[in-house]
file work.txt (compact mmCIF, C-alpha atoms)
# COMPACT_ATOMS: atom_id res chain seq x y z
CA MET A 1 88.05 -103.30 31.75
CA ILE A 2 85.48 -100.49 31.92
CA GLU A 3 87.68 -98.66 34.43
CA ILE A 4 90.67 -98.91 32.05
CA PHE A 5 88.50 -97.52 29.25
CA ILE A 6 87.44 -94.59 31.40
CA ASN A 7 90.79 -93.80 33.06
CA GLY A 8 93.29 -95.40 30.67
CA ILE A 9 96.44 -97.23 31.69
CA ILE A 10 98.21 -93.97 32.66
CA PRO A 11 95.85 -91.86 34.79
CA LEU A 12 97.27 -88.40 35.41
CA THR A 13 96.33 -85.35 37.41
CA THR A 14 94.69 -82.43 35.61
CA PHE A 15 98.04 -80.66 35.56
CA GLY A 16 99.66 -83.79 34.14
CA TYR A 17 97.15 -83.95 31.28
CA ILE A 18 97.80 -80.27 30.49
CA ILE A 19 101.58 -80.74 30.46
CA TYR A 20 101.32 -83.83 28.25
CA THR A 21 99.01 -82.06 25.79
CA LEU A 22 101.28 -79.03 25.57
CA ALA A 23 104.28 -81.32 25.03
CA VAL A 24 102.82 -83.37 22.18
CA THR A 25 101.36 -80.34 20.40
CA HIS A 26 104.70 -78.59 20.73
CA ILE A 27 106.46 -81.54 19.11
CA THR A 28 104.07 -81.15 16.18
CA ILE A 29 104.95 -77.47 15.87
CA VAL A 30 108.67 -78.29 16.02
CA ALA A 31 108.21 -80.90 13.28
CA ILE A 32 106.45 -78.33 11.09
CA THR A 33 108.95 -75.50 11.55
CA LEU A 34 112.14 -77.60 11.40
CA TYR A 35 111.28 -80.42 9.02
CA LEU A 36 108.58 -79.06 6.69
CA HIS A 37 109.46 -75.37 6.73
CA ARG A 38 113.15 -74.75 7.30
CA GLY A 39 114.29 -78.18 6.11
CA VAL A 40 112.40 -79.43 3.07
CA CYS A 41 110.68 -76.25 1.90
CA HIS A 42 113.53 -73.71 2.10
CA SER A 43 116.60 -75.97 2.40
CA ALA A 44 117.93 -73.81 5.24
CA ILE A 45 119.01 -76.87 7.25
CA ASP A 46 120.00 -80.47 6.61
CA ILE A 47 118.30 -82.90 8.98
CA HIS A 48 119.72 -86.36 9.71
CA PRO A 49 117.57 -89.12 8.10
CA LEU A 50 116.66 -90.59 11.50
CA LEU A 51 115.34 -87.28 12.85
CA SER A 52 113.81 -86.39 9.51
CA HIS A 53 111.83 -89.62 9.40
CA PHE A 54 110.71 -89.20 12.99
CA PHE A 55 109.26 -85.80 12.06
CA ARG A 56 107.58 -87.30 8.98
CA PHE A 57 106.07 -90.10 11.05
CA TRP A 58 104.95 -87.73 13.81
CA LEU A 59 103.21 -85.40 11.35
CA TRP A 60 101.45 -88.37 9.73
CA LEU A 61 100.38 -89.57 13.18
CA THR A 62 99.19 -86.20 14.49
CA THR A 63 98.06 -84.20 11.45
CA SER A 64 97.79 -86.57 8.42
CA MET A 65 99.65 -83.87 6.44
CA ARG A 66 101.71 -84.97 3.45
CA THR A 67 105.12 -83.34 3.04
CA ALA A 68 104.63 -82.51 -0.64
CA ASP A 69 101.28 -80.80 0.00
CA TRP A 70 102.50 -78.54 2.80
CA VAL A 71 105.74 -77.64 1.03
CA ALA A 72 104.06 -76.90 -2.31
CA ILE A 73 101.41 -74.67 -0.75
CA HIS A 74 103.96 -72.73 1.27
CA ARG A 75 106.28 -72.25 -1.71
CA LYS A 76 103.34 -70.95 -3.73
CA HIS A 77 102.55 -68.56 -0.87
CA HIS A 78 106.02 -67.03 -1.19
CA ALA A 79 105.87 -66.95 -4.99
CA LYS A 80 102.40 -65.34 -5.15
CA VAL A 81 102.32 -63.53 -1.81
CA GLU A 82 99.42 -61.12 -1.23
CA THR A 83 97.90 -61.75 -4.67
CA GLU A 84 94.74 -63.56 -5.71
CA HIS A 85 96.91 -66.64 -6.30
CA ASP A 86 98.27 -66.67 -2.75
CA PRO A 87 96.65 -69.73 -1.10
CA HIS A 88 95.97 -67.91 2.18
CA SER A 89 96.49 -64.14 2.06
CA PRO A 90 94.38 -61.91 4.35
CA ALA A 91 94.86 -59.17 1.74
CA PHE A 92 92.75 -61.22 -0.68
CA PHE A 93 90.57 -63.52 1.45
CA GLY A 94 90.16 -61.24 4.46
CA ILE A 95 91.59 -61.74 7.94
CA ASN A 96 88.51 -63.48 9.39
CA LYS A 97 88.44 -66.18 6.72
CA VAL A 98 92.16 -66.92 7.03
CA LEU A 99 92.03 -66.99 10.82
CA LEU A 100 88.86 -69.07 11.13
CA GLN A 101 89.02 -71.13 7.95
CA GLY A 102 92.75 -71.41 7.34
CA ALA A 103 92.57 -75.20 7.31
CA ASP A 104 89.82 -75.09 4.68
CA LEU A 105 91.97 -72.88 2.46
CA TYR A 106 94.85 -75.33 2.90
CA HIS A 107 92.71 -78.32 1.89
CA MET A 108 91.27 -76.42 -1.06
CA GLU A 109 94.76 -75.68 -2.40
CA LYS A 110 95.89 -79.22 -1.61
CA ASN A 111 93.41 -80.44 -4.20
CA ASN A 112 94.97 -78.20 -6.84
CA LYS A 113 97.14 -80.72 -8.71
CA GLU A 114 98.94 -77.98 -10.65
CA THR A 115 100.14 -76.37 -7.41
CA ILE A 116 101.41 -79.65 -5.96
CA GLU A 117 103.20 -80.69 -9.15
CA LYS A 118 104.82 -77.30 -9.71
CA TYR A 119 106.03 -76.51 -6.20
CA SER A 120 106.78 -79.90 -4.59
CA GLN A 121 110.27 -80.53 -5.94
CA ASN A 122 112.74 -82.36 -3.66
CA CYS A 123 110.01 -83.79 -1.44
CA PRO A 124 110.20 -87.45 -0.29
CA THR A 125 108.99 -90.03 -2.83
CA ASP A 126 110.10 -93.26 -1.15
CA TRP A 127 107.94 -96.35 -0.58
CA VAL A 128 106.84 -95.27 2.90
CA GLU A 129 105.75 -91.86 1.62
CA GLU A 130 103.82 -93.27 -1.31
CA LYS A 131 102.26 -96.36 0.30
CA ILE A 132 101.78 -95.28 3.92
CA TYR A 133 101.90 -91.51 4.45
CA THR A 134 100.04 -90.80 1.20
CA GLY A 135 98.14 -94.00 0.54
CA ARG A 136 96.90 -94.27 4.13
CA ASN A 137 97.13 -90.66 5.25
CA ASN A 138 94.21 -90.84 7.70
CA LEU A 139 95.40 -94.05 9.32
CA GLY A 140 97.84 -92.10 11.48
CA ILE A 141 95.27 -89.94 13.24
CA LEU A 142 93.06 -93.00 13.73
CA ILE A 143 95.96 -94.82 15.42
CA LEU A 144 96.57 -91.73 17.56
CA PHE A 145 92.89 -91.65 18.58
CA ILE A 146 92.99 -95.30 19.72
CA LEU A 147 96.36 -94.83 21.43
CA ASN A 148 95.12 -91.80 23.37
CA ILE A 149 92.10 -93.74 24.65
CA ILE A 150 94.30 -96.67 25.71
CA LEU A 151 96.68 -94.36 27.56
CA PHE A 152 94.27 -91.85 29.09
CA GLY A 153 90.75 -93.21 28.70
CA THR A 154 88.00 -90.71 27.92
CA VAL A 155 90.36 -87.80 28.62
CA GLY A 156 92.39 -89.10 25.69
CA ILE A 157 89.54 -88.10 23.36
CA ILE A 158 89.84 -84.50 24.58
CA ILE A 159 93.61 -84.57 24.12
CA TRP A 160 93.19 -86.00 20.60
CA SER A 161 90.68 -83.28 19.74
CA ILE A 162 93.11 -80.59 20.87
CA GLN A 163 95.87 -82.19 18.80
CA MET A 164 93.61 -82.14 15.75
CA MET A 165 92.74 -78.46 16.25
CA TRP A 166 96.21 -77.24 17.20
CA THR A 167 97.73 -77.03 13.71
CA PRO A 168 94.67 -75.53 11.94
CA ILE A 169 94.28 -72.86 14.63
CA PHE A 170 97.88 -71.92 15.44
CA ALA A 171 99.71 -72.82 12.23
CA ALA A 172 97.17 -72.40 9.43
CA GLY A 173 95.13 -69.56 10.91
CA GLY A 174 97.72 -67.99 13.18
CA ILE A 175 100.78 -67.76 10.95
CA ASN A 176 98.98 -67.23 7.67
CA GLY A 177 96.43 -64.83 9.14
CA ALA A 178 97.87 -62.91 12.08
CA GLY A 179 101.36 -63.14 10.60
CA HIS A 180 100.20 -60.99 7.69
CA TYR A 181 97.99 -58.65 9.66
CA TRP A 182 99.11 -57.81 13.23
CA GLY A 183 102.53 -57.07 14.67
CA TYR A 184 105.68 -55.12 13.92
CA ARG A 185 107.94 -55.11 10.88
CA ASN A 186 111.73 -55.07 10.89
CA TYR A 187 111.89 -54.99 7.09
CA ASN A 188 109.89 -53.31 4.35
CA THR A 189 109.28 -56.52 2.41
CA ASN A 190 107.01 -56.58 -0.65
CA ASP A 191 104.20 -58.15 1.35
CA ASP A 192 102.20 -57.61 4.56
CA SER A 193 104.21 -60.02 6.72
CA THR A 194 104.61 -59.08 10.38
CA ASN A 195 106.41 -60.31 13.46
CA MET A 196 103.57 -61.24 15.79
CA SER A 197 105.87 -61.32 18.81
CA PRO A 198 109.60 -60.83 19.44
CA VAL A 199 109.49 -64.08 21.45
CA GLY A 200 108.74 -67.08 19.25
CA ILE A 201 107.82 -70.07 21.42
CA ILE A 202 104.16 -71.08 20.96
CA ILE A 203 104.47 -71.76 17.23
CA GLY A 204 108.16 -72.62 17.14
CA GLY A 205 109.60 -69.23 16.15
CA GLU A 206 107.17 -68.78 13.27
CA GLU A 207 105.91 -65.73 15.17
CA LEU A 208 108.86 -63.88 13.55
CA HIS A 209 107.15 -64.01 10.17
CA ASN A 210 108.35 -60.69 8.73
CA ASN A 211 111.94 -61.73 9.39
CA HIS A 212 111.26 -64.98 7.54
CA HIS A 213 109.79 -63.23 4.51
CA ALA A 214 112.78 -60.91 4.46
CA TYR A 215 115.20 -63.87 4.35
CA PRO A 216 113.18 -67.00 3.45
CA THR A 217 116.16 -69.37 3.21
CA ALA A 218 117.66 -68.39 6.58
CA ALA A 219 117.63 -71.10 9.26
CA LYS A 220 117.37 -68.57 12.08
CA PHE A 221 114.25 -66.40 12.26
CA SER A 222 115.33 -64.08 15.09
CA LEU A 223 117.32 -61.19 13.61
CA ARG A 224 117.30 -58.59 16.38
CA PRO A 225 119.06 -58.86 19.77
CA TRP A 226 115.74 -58.82 21.66
CA GLU A 227 114.11 -61.54 19.55
CA PHE A 228 114.04 -65.22 20.48
CA ASP A 229 113.39 -68.10 18.09
CA ILE A 230 112.90 -71.40 19.90
CA GLY A 231 113.17 -73.22 16.57
CA TRP A 232 116.75 -71.96 16.31
CA MET A 233 117.41 -73.27 19.82
CA TYR A 234 116.32 -76.75 18.72
CA ILE A 235 118.50 -76.49 15.62
CA LYS A 236 121.51 -75.75 17.83
CA VAL A 237 120.64 -78.67 20.15
CA PHE A 238 120.16 -81.11 17.28
CA GLY A 239 123.31 -79.73 15.66
CA PHE A 240 125.28 -80.49 18.82
CA LEU A 241 123.94 -84.06 18.68
CA GLY A 242 124.96 -84.39 15.03
CA LEU A 243 121.35 -84.57 13.83
CA CYS A 244 121.12 -81.21 12.08
CA LYS A 245 123.37 -78.95 10.02
CA VAL A 246 122.79 -75.28 9.20
CA LYS A 247 123.10 -74.46 5.49
CA ARG A 248 122.08 -70.79 5.33
CA LEU A 249 121.76 -67.80 7.63
CA ALA A 250 120.55 -64.29 6.90
CA PRO A 251 123.28 -61.79 6.01
CA ARG A 252 124.14 -59.43 8.85
CA PRO A 253 124.41 -55.91 7.44
CA ILE A 254 126.13 -53.43 9.73
CA ILE A 255 127.09 -49.78 9.25
CA GLN A 256 130.82 -49.17 9.64
CA ASN A 257 132.45 -46.03 10.94
CA LYS A 258 134.11 -45.53 7.58
CA GLN A 259 132.78 -45.46 4.02
CA ASN A 260 133.62 -48.07 1.41
CA THR A 261 135.65 -46.76 -1.50
CA ASP A 262 135.91 -49.84 -3.71
CA SER A 263 133.07 -49.95 -6.26
CA LYS A 264 132.78 -53.73 -6.20
CA LEU A 265 132.64 -53.78 -2.41
CA ILE A 266 129.98 -51.05 -2.37
CA THR A 267 127.89 -52.96 -4.90
CA GLN A 268 128.21 -56.28 -3.10
CA SER A 269 127.49 -54.80 0.34
CA ILE A 270 124.44 -52.81 -0.76
CA LEU A 271 122.86 -55.58 -2.83
CA GLN A 272 123.33 -58.11 -0.04
CA SER A 273 121.81 -55.58 2.38
CA LYS A 274 119.05 -54.26 0.11
CA LEU A 275 116.22 -54.97 2.55
CA ALA A 276 118.13 -53.25 5.35
CA VAL A 277 118.94 -50.33 3.02
CA ILE A 278 115.37 -49.68 1.89
CA THR A 279 114.09 -50.13 5.44
CA ASP A 280 116.71 -47.66 6.67
CA PHE A 281 115.58 -45.11 4.08
CA THR A 282 111.91 -45.63 4.93
CA GLN A 283 112.40 -45.30 8.68
CA LYS A 284 115.15 -42.64 8.83
CA VAL A 285 114.25 -40.41 5.87
CA LEU A 286 110.61 -40.88 4.84
CA LYS A 287 109.01 -41.45 8.24
CA PRO A 288 110.41 -38.36 10.06
CA ILE A 289 109.07 -36.07 7.32
CA TYR A 290 105.71 -37.84 7.43
CA LYS A 291 105.50 -37.50 11.22
CA LYS A 292 106.10 -33.73 11.16
CA GLU A 293 102.68 -33.22 9.62
CA ASN A 294 99.31 -34.48 10.84
CA PHE A 295 98.58 -36.56 7.75
CA ASN A 296 95.29 -38.46 7.71
CA LEU A 297 96.80 -41.43 5.90
CA SER A 298 98.44 -44.63 7.10
CA PHE A 299 102.23 -44.50 6.83
CA LYS A 300 102.15 -48.10 5.60
CA LEU A 301 100.76 -46.86 2.27
CA LEU A 302 103.86 -44.71 1.83
CA ALA A 303 106.20 -47.47 2.98
CA ASP A 304 104.75 -50.02 0.53
CA HIS A 305 105.85 -50.12 -3.08
CA PRO A 306 103.31 -48.40 -5.39
CA ASN A 307 102.72 -51.67 -7.25
CA ARG A 308 101.11 -53.05 -4.11
CA LEU A 309 98.57 -50.26 -3.78
CA SER A 310 95.00 -50.43 -5.01
CA GLU A 311 93.70 -47.67 -7.29
CA ASN A 312 91.92 -46.06 -4.36
CA GLN A 313 95.04 -46.20 -2.16
CA GLU A 314 97.23 -44.88 -4.96
CA SER A 315 94.84 -41.96 -5.45
CA LYS A 316 94.99 -41.10 -1.73
CA VAL A 317 98.80 -41.19 -1.79
CA LYS A 318 98.94 -38.90 -4.82
CA ASP A 319 96.57 -36.42 -3.16
CA LEU A 320 98.75 -36.38 -0.05
CA LEU A 321 102.02 -35.96 -1.95
CA ALA A 322 100.58 -33.07 -3.95
CA LYS A 323 100.26 -31.15 -0.68
CA ASN A 324 103.86 -31.64 0.50
CA ILE A 325 106.80 -31.22 -1.88
CA LYS A 326 109.43 -32.57 0.53
CA LEU A 327 107.43 -35.70 1.28
CA SER A 328 106.79 -36.19 -2.42
CA THR A 329 110.51 -35.87 -3.14
CA VAL A 330 111.68 -38.50 -0.65
CA TYR A 331 108.80 -40.80 -1.56
CA SER A 332 109.86 -40.69 -5.20
CA LEU A 333 113.49 -41.30 -4.26
CA LYS A 334 112.47 -44.24 -2.09
CA ASN A 335 110.68 -45.90 -5.00
CA LYS A 336 113.59 -45.26 -7.37
CA LEU A 337 115.98 -46.78 -4.85
CA HIS A 338 113.71 -49.80 -4.50
CA GLU A 339 113.71 -50.32 -8.27
CA LEU A 340 117.48 -49.95 -8.38
CA LEU A 341 118.04 -52.49 -5.63
CA HIS A 342 115.61 -55.06 -7.03
CA SER A 343 116.16 -54.65 -10.76
CA ARG A 344 117.30 -57.76 -12.60
CA GLU A 345 118.26 -55.80 -15.69
CA ILE A 346 121.03 -53.78 -14.06
CA LYS A 347 124.38 -55.57 -14.16
CA HIS A 348 126.83 -55.32 -11.29
CA ASP A 349 129.26 -53.37 -13.49
CA ASN A 350 126.67 -50.65 -14.09
CA PHE A 351 125.19 -50.63 -10.59
CA ILE A 352 127.60 -48.13 -9.08
CA GLN A 353 127.10 -45.66 -11.95
CA ILE A 354 123.31 -45.75 -11.58
CA LEU A 355 123.65 -45.53 -7.79
CA ASN A 356 125.84 -42.44 -8.18
CA LYS A 357 123.20 -40.78 -10.36
CA TRP A 358 120.53 -41.56 -7.77
CA SER A 359 122.81 -40.18 -5.03
CA GLU A 360 123.43 -36.96 -6.97
CA GLU A 361 119.69 -36.46 -7.38
CA ALA A 362 119.14 -37.11 -3.67
CA ARG A 363 121.93 -34.73 -2.66
CA SER A 364 120.61 -31.94 -4.88
CA HIS A 365 117.51 -31.46 -2.72
CA GLY A 366 119.43 -30.30 0.34
CA ILE A 367 117.47 -32.45 2.80
CA GLU A 368 119.55 -33.24 5.89
CA ALA A 369 118.05 -36.69 6.47
CA LEU A 370 118.90 -37.59 2.87
CA ASP A 371 122.49 -36.42 3.25
CA ASP A 372 122.89 -38.52 6.38
CA PHE A 373 121.47 -41.54 4.57
CA LEU A 374 123.91 -41.11 1.68
CA VAL A 375 126.79 -41.32 4.13
CA ARG A 376 125.40 -44.53 5.64
CA LEU A 377 124.69 -45.96 2.19
CA ARG A 378 128.40 -46.37 1.46
CA SER A 379 129.17 -47.62 4.95
CA TYR A 380 127.31 -50.93 4.78
CA LYS A 381 129.22 -54.12 5.44
CA VAL A 382 127.87 -57.66 5.45
CA THR A 383 129.17 -60.12 8.04

call {"tool": "encode", "arguments": {"input": "work.txt", "output": "structure tokens"}}
result
Amino acid sequence: MIEIFINGIIPLTTFGYIIYTLAVTHITIVAITLYLHRGVCHSAIDIHPLLSHFFRFWLWLTTSMRTADWVAIHRKHHAKVETEHDPHSPAFFGINKVLLQGADLYHMEKNNKETIEKYSQNCPTDWVEEKIYTGRNNLGILILFILNIILFGTVGIIIWSIQMMWTPIFAAGGINGAGHYWGYRNYNTNDDSTNMSPVGIIIGGEELHNNHHAYPTAAKFSLRPWEFDIGWMYIKVFGFLGLCKVKRLAPRPIIQNKQNTDSKLITQSILQSKLAVITDFTQKVLKPIYKKENFNLSFKLLADHPNRLSENQESKVKDLLAKNIKLSTVYSLKNKLHELLHSREIKHDNFIQILNKWSEEARSHGIEALDDFLVRLRSYKVT
């Protein structure tokens, strides 16, 4: 009996314990990214009830997280991103706190009843959710603790501890912290989101966080040919088995060899591609002019919308622009284009007229990079 307690009923080699631990923690990550994130939170996929309930049960067993809590907090993150009301923004809390105390921030927001009530629509409210997963939320991790000891003896305690730490470290701290601090950006979104790696495996594809913030309701996070989203791979596998159905994908803006001539088509193509358009302008027009001079200022401050700058940052940008007329010109045009693309007051019927006025102003400056951009602007097509 003592030997069973020490070694468990399934003694493994060291390598076997490592493989098992990686497998079960990976299942937890898959449950978070497919069920909680892409499924319930953003409605990007429909998951078969059998698979959906397995994910719910697994998360209860391994994390004690309630669907409504996670979904509400993440939806609030998108709604209030990088502000003081964002539950876990490095811009407000600081990178160290989000990385090291991400789980604490999650639990603090979980106790905010207003957040849960406002942002938890369409979450499960059945008997099992209310009486088991909510009413006995810590029972799952207790069962897991006992089960690990039965299976692996004292090593099971180590495995259980790793399972308990995995989500707070990699999901809460990693995605919410590093995913808004380090990495590259494909899109100039109105936040600090970054792609931590072009290969998304360790945290289920969530590494491609800038892509997700660009198109939150898209089921596939990889948007460049060199990017890999393992979560999308699982979606395809489950789809083949009839357990998952894709509802939404990100639009695929491409630049044709010819320009559009129909006003409605131009409007539709540009508005559906607005993130690609403003990113194109920032990278192909603004950045080359910036790079020609040895400016002692981060380009990110110029790429961001002025509304996102602090008073000190805004002052530095103004001082820089005062020294370079060309840079000031394209910076102003970039911000005007951003307002045009994101304005809710401009109707589709008037969009092309306002776009033409913006284009005439841009053309009047005789800047080659601007002229090239204007040609591309009317060549966008969404597939």

call {"tool": "residues_around", "arguments": {"input": "work.txt", "residues": "region 27-41 of chain A", "least_positions_apart": "3", "cutoff": "8 Å", "atoms": "all atoms listed in the file", "output": "VMD selection string"}}
result
chain A and resid 23 to 24 44 to 47 52 55 to 56 58 to 59 62 67 70 to 72 74 to 75 122 to 123 167 171 203 to 206 217 to 219 231 235

call {"tool": "residues_around", "arguments": {"input": "work.txt", "residues": "Met196 (chain A)", "least_positions_apart": "2", "cutoff": "6 Å", "atoms": "all atoms listed in the file", "output": "NGL selection string"}}
result
:A and (179 or 183 or 194 or 207)

call {"tool": "closest_residue", "arguments": {"input": "work.txt", "among": "A:Val155, A:Trp232, A:Val382, A:Asn188", "to": "Asn211 (chain A)", "atoms": "all atoms listed in the file"}}
result
A:Asn188

call {"tool": "closest_atom_pairs", "arguments": {"input": "work.txt", "of": "region 154-213 of chain A", "to": "region 283-305 of chain A", "cutoff": "12 Å", "atoms": "all atoms listed in the file", "output": "Markdown table"}}
result
| residue | atom | partner | partner_atom | distance |
| --- | --- | --- | --- | --- |
| A:Tyr184 | CA | A:Lys300 | CA | 11.4 |
| A:Arg185 | CA | A:Lys300 | CA | 10.5 |
| A:Asn186 | CA | A:Gln283 | CA | 10.0 |
| A:Tyr187 | CA | A:Gln283 | CA | 9.8 |
| A:Asn188 | CA | A:Ala303 | CA | 7.0 |
| A:Thr189 | CA | A:Asp304 | CA | 8.1 |
| A:Asn190 | CA | A:His305 | CA | 7.0 |
| A:Asp191 | CA | A:Asp304 | CA | 8.2 |
| A:Asp192 | CA | A:Asp304 | CA | 9.0 |
| A:Ser193 | CA | A:Asp304 | CA | 11.8 |

call {"tool": "atom_distance", "arguments": {"input": "work.txt", "atom1": "CA of Phe373 (chain A)", "atom2": "CA of Glu345 (chain A)"}}
result
25.0 Å

call {"tool": "atom_distance", "arguments": {"input": "work.txt", "atom1": "CA of Gly200 (chain A)", "atom2": "CA of Phe221 (chain A)"}}
result
8.9 Å

call {"tool": "atom_distance", "arguments": {"input": "work.txt", "atom1": "CA of Val199 (chain A)", "atom2": "CA of Phe240 (chain A)"}}
result
22.9 Å

call {"tool": "closest_residue", "arguments": {"input": "work.txt", "among": "A:Lys326, A:Arg378, A:His26, A:Lys113", "to": "Asn257 (chain A)", "atoms": "all atoms listed in the file"}}
result
A:Arg378

call {"tool": "axis_aligned_box", "arguments": {"input": "work.txt", "around": "region 139-150 of chain A", "padding_each_side": "3 Å", "output": "lines of an AutoDock Vina configuration file"}}
result
center_x = 95.0
center_y = -93.3
center_z = 17.5
size_x = 11.7
size_y = 12.7
size_z = 22.4

call {"tool": "closest_residue", "arguments": {"input": "work.txt", "among": "A:Ala276, A:Arg376, A:Gly366, A:Lys118", "to": "Leu341 (chain A)", "atoms": "all atoms listed in the file"}}
result
A:Ala276

call {"tool": "closest_residue", "arguments": {"input": "work.txt", "among": "A:Gln313, A:Thr267, A:Asn112, A:Ser197", "to": "Asp69 (chain A)", "atoms": "only C-alpha atoms"}}
result
A:Asn112

call {"tool": "closest_residue", "arguments": {"input": "work.txt", "among": "A:Lys131, A:Gln353, A:Ile367, A:Asn148", "to": "Ser263 (chain A)", "atoms": "only C-alpha atoms"}}
result
A:Gln353

call {"tool": "closest_residue", "arguments": {"input": "work.txt", "among": "A:Gln268, A:Asn312, A:Thr383, A:Thr279", "to": "Lys347 (chain A)", "atoms": "all atoms listed in the file"}}
result
A:Gln268

call {"tool": "residues_around", "arguments": {"input": "work.txt", "residues": "Ile132 (chain A)", "least_positions_apart": "6", "cutoff": "12 Å", "atoms": "all atoms listed in the file", "output": "number ranges by chain"}}
result
A: 56-57, 60-61, 64-66, 125-126, 138-140
